[in-house]
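Enquirer: Dumping the structure here so I can ask a few things about it.
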Amino acid sequence: MATIKPFAALRPRADEAAQICELPYDVMSSEEARAMAAGKPLSFLHVSKPEIDLDPKWDVHDERVYARGLENFRRLISERHLIQDAQPGFYLYRQIMGAHTQVGLVAVASCEEYLQNIVKKHELTRPDKEDDRVRHIETLESQTGPVFLTYPAQPAVDRMVQAQTQKTPAVDFTASDGVRHTSWVINQPEHIRDLESAFAIIPYLYIADGHHRSAAAARIYRSRQGRGRSGFFLSVIFPHNQMQILPYNRVLKDLNGLTPADVLEKLAAVFTLSTPGSAQPAQTHELGFYLAGQWHTLKFREALLTSPDPKERLDVSLLQQHVLTPLFGIDDPRTNQRIQFVGGIRGPAELEKLVNTGQAACAFSMFPTSIEDLMAIADGGGLMPPKSTWFEPKLRDGMFCYLI
């Protein structure tokens, strides 16, 4: 059963939260982060991507980079831009992005349960990225960005959350991208007990985003043999029916020696084609395909949809197996340099731009993977194909920090 615990968060002052809290460290390049933080001395990017304050020629994994992150972190604390709560509690974190609203419980989850697969994973991690997070956490003695978890929605938890969000929030701001971020503090002992009890009957938690952060926390826990507060990792936990998954689209740099007519002819063996088509698929097993200035709608043929394995029925799996490998020669999408992945937040216009400017030869617009499919694959011990899901909105780094 899932174990969650309250903790005394290090949080931004309410009147400075908009200046401090930033997008996660791993959704932008160092150059993009440098531009975003320019003229913003309180930006948490100075902590999460401290290379922006140093010579761009330096390796981002240089020891001096992590040291600068610690220096910047300590400055935010010493100048009381970040203040630690006096007592442990849970927190609520609401995000509003356009018409979408999601409210998560901020807590620390168990590293031991991560190792026991009670906290379930769905993707592989890269050792170099794990190493980076381990060094960042150990240098700062803090987890500064939460893992994004989900769980099968529970009406009892929903009711508790709804009651708490009627109270006055601790922090409430709208970021420059238009996403509104609001938080509440839950520190009454009876409410803490009620939430712990409600989660104690939830059998599993699922990692939506943050596999490297959780893996790094588990490595530190094992190396420290559970000393101090290392046995837990910072999390925001959302009910599954509030999750918003956007597509992860594919663009190809070339047609593998084929003409546009050849490509359409070969695709007709895998899909039923409609031309002109839509840039945005309307349902699962439907794709948009952009080639030579024209959108086509592709629907997988029924004969390809018979596998009992939920992973094999994913559109990204079907596309890889029946199109990208045999037709375009993209054997391993993790390493092949002829394929690029574009998060759905950028929309079809980004795909059109890449093709129209000659940076790509064609593009596939995907229908989003469902959270139910992700959970089913994780339940079966499987791994999602690379670049299957793009969760929005992103949790802000610096909103909550967990001192270990």
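Ordering of the structure tokens sets the chain letters (A, B, ...); residue numbers start at 1 within each chain; ligands are numbered from 1 in the order shown.
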Counting only C-alpha atoms, which residues of segment 45-99 of chain A sit at most 10 Å from some atom of segment 215-238 of chain A, and what is each one's closest atom pair with its distance in Å to one decimal, listed by chain and rising residue number, as a Markdown table?
Expert:
```
| residue | atom | partner | partner_atom | distance |
| --- | --- | --- | --- | --- |
| A:Tyr91 | CA | A:Val236 | CA | 8.9 |
| A:Leu92 | CA | A:Val236 | CA | 8.3 |
| A:Tyr93 | CA | A:Val236 | CA | 7.6 |
| A:Arg94 | CA | A:Phe238 | CA | 9.8 |
```
Enquirer: Got a sec: who's within 9 Å of Pro247 of chain A, counting only C-alpha atoms, leaving out chain neighbours fewer than 6 positions off, as a PyMOL selection string?
Expert: chain A and resi 342-345+365-369+388-391
Enquirer: Give me the residues near segment 251-267 of chain A as a PyMOL selection string, where near means some atom within 8 Å (using only C-alpha atoms) and where sequence neighbours in that chain fewer than 2 positions away do not count.
Expert: chain A and resi 249+269-271+291-292+323+327-329+338-342+351+359-364
Enquirer: Hey, can you spit out that residue selection with N, CA and C atoms as a CSV table (one decimal), in the first residue's frame?
Expert:
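Contents of the output file out32.csv:
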```csv
chain,number,residue,atom,x,y,z
A,249,ASN,N,4.7,14.2,-30.8
A,249,ASN,CA,4.7,14.0,-32.2
A,249,ASN,C,6.1,13.7,-32.8
A,269,ALA,N,-0.8,0.5,-47.3
A,269,ALA,CA,-0.9,-0.8,-46.8
A,269,ALA,C,-1.1,-1.0,-45.3
A,270,VAL,N,-0.8,0.1,-44.6
A,270,VAL,CA,-0.8,0.1,-43.1
A,270,VAL,C,-2.1,0.9,-42.7
A,271,PHE,N,-2.5,1.9,-43.4
A,271,PHE,CA,-3.6,2.8,-43.0
A,271,PHE,C,-4.6,2.9,-44.1
A,291,LEU,N,3.0,16.1,-45.3
A,291,LEU,CA,4.0,15.8,-46.4
A,291,LEU,C,3.8,16.7,-47.5
A,292,ALA,N,4.8,17.4,-48.0
A,292,ALA,CA,4.8,18.3,-49.1
A,292,ALA,C,3.6,19.3,-49.1
A,323,VAL,N,5.8,1.3,-39.5
A,323,VAL,CA,6.1,2.4,-40.4
A,323,VAL,C,7.5,2.9,-40.3
A,327,LEU,N,9.7,1.2,-43.2
A,327,LEU,CA,9.6,2.1,-44.3
A,327,LEU,C,10.7,3.2,-44.3
A,328,PHE,N,11.0,3.7,-43.1
A,328,PHE,CA,11.9,4.8,-43.0
A,328,PHE,C,13.3,4.4,-42.4
A,329,GLY,N,13.4,3.1,-42.0
A,329,GLY,CA,14.7,2.7,-41.5
A,329,GLY,C,15.1,3.3,-40.1
A,338,ARG,N,17.8,10.6,-37.3
A,338,ARG,CA,17.0,11.0,-38.4
A,338,ARG,C,15.5,11.3,-37.9
A,339,ILE,N,15.3,11.1,-36.6
A,339,ILE,CA,13.9,11.3,-36.1
A,339,ILE,C,14.0,12.4,-35.0
A,340,GLN,N,13.0,13.2,-34.9
A,340,GLN,CA,13.0,14.2,-33.9
A,340,GLN,C,11.6,14.2,-33.2
A,341,PHE,N,11.5,14.5,-31.9
A,341,PHE,CA,10.3,14.4,-31.2
A,341,PHE,C,9.8,15.8,-30.8
A,342,VAL,N,8.6,16.1,-31.0
A,342,VAL,CA,8.1,17.5,-30.7
A,342,VAL,C,6.9,17.4,-29.7
A,351,LEU,N,5.0,21.5,-36.5
A,351,LEU,CA,5.3,20.4,-37.4
A,351,LEU,C,5.3,21.0,-38.8
A,359,GLN,N,13.6,21.7,-42.6
A,359,GLN,CA,14.3,21.1,-41.5
A,359,GLN,C,13.9,19.6,-41.3
A,360,ALA,N,12.7,19.3,-41.9
A,360,ALA,CA,12.2,17.9,-41.8
A,360,ALA,C,11.5,17.6,-43.2
A,361,ALA,N,11.4,16.3,-43.4
A,361,ALA,CA,10.8,15.9,-44.7
A,361,ALA,C,9.3,15.6,-44.5
A,362,CYS,N,8.9,15.1,-43.3
A,362,CYS,CA,7.5,14.8,-43.1
A,362,CYS,C,7.3,14.8,-41.6
A,363,ALA,N,6.0,14.8,-41.1
A,363,ALA,CA,5.7,14.8,-39.7
A,363,ALA,C,4.5,13.9,-39.4
A,364,PHE,N,4.5,13.3,-38.3
A,364,PHE,CA,3.3,12.5,-37.8
A,364,PHE,C,2.8,13.2,-36.6
```
Enquirer: May I have a table of the residues of segment 47-83 of chain A lying at most 10 Å from segment 21-31 of chain A, giving each one's closest pair of atoms and their distance in Å to one decimal, counting only C-alpha atoms, ordered by chain and ascending residue number, as a Markdown table?
Expert:
```
| residue | atom | partner | partner_atom | distance |
| --- | --- | --- | --- | --- |
| A:Val47 | CA | A:Tyr25 | CA | 9.4 |
| A:Ser48 | CA | A:Tyr25 | CA | 5.7 |
| A:Lys49 | CA | A:Tyr25 | CA | 6.2 |
| A:Pro50 | CA | A:Ser30 | CA | 9.0 |
| A:Glu51 | CA | A:Ser30 | CA | 7.2 |
| A:Ile52 | CA | A:Ser30 | CA | 6.4 |
| A:Pro56 | CA | A:Ser30 | CA | 8.5 |
| A:Val60 | CA | A:Ser30 | CA | 8.6 |
```
Enquirer: Could you pull the residues within 6 Å of segment 138-143 of chain A, counting only C-alpha atoms, minus those fewer than 6 positions along the same chain, as number ranges by chain?
Expert: A: 70, 401-404
Enquirer: Report as a PyMOL selection string: the residues of segment 57-257 of chain A with a DSSP assignment of alpha helix (DSSP H), based on the backbone of this structure.
Expert: chain A and resi 63-78+111-115+127-140+155-164+189-200+211-224
Enquirer: For Arg193 of chain A, which residue among A:Ser274, A:Gly89, A:Phe400, A:Pro385 is the nearest when counting only C-alpha atoms?
Expert: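 Checking each candidate against Arg193 of chain A, we get A:Gly89 as the closest.
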Enquirer: Would you return as a PyMOL selection string the members of segment 25-201 of chain A that DSSP assigns to strand (DSSP E or B) on this structure's backbone?
Expert: chain A and resi 82-84+89-97+100-110+119-120+142-143+147-151+171-174+180-186
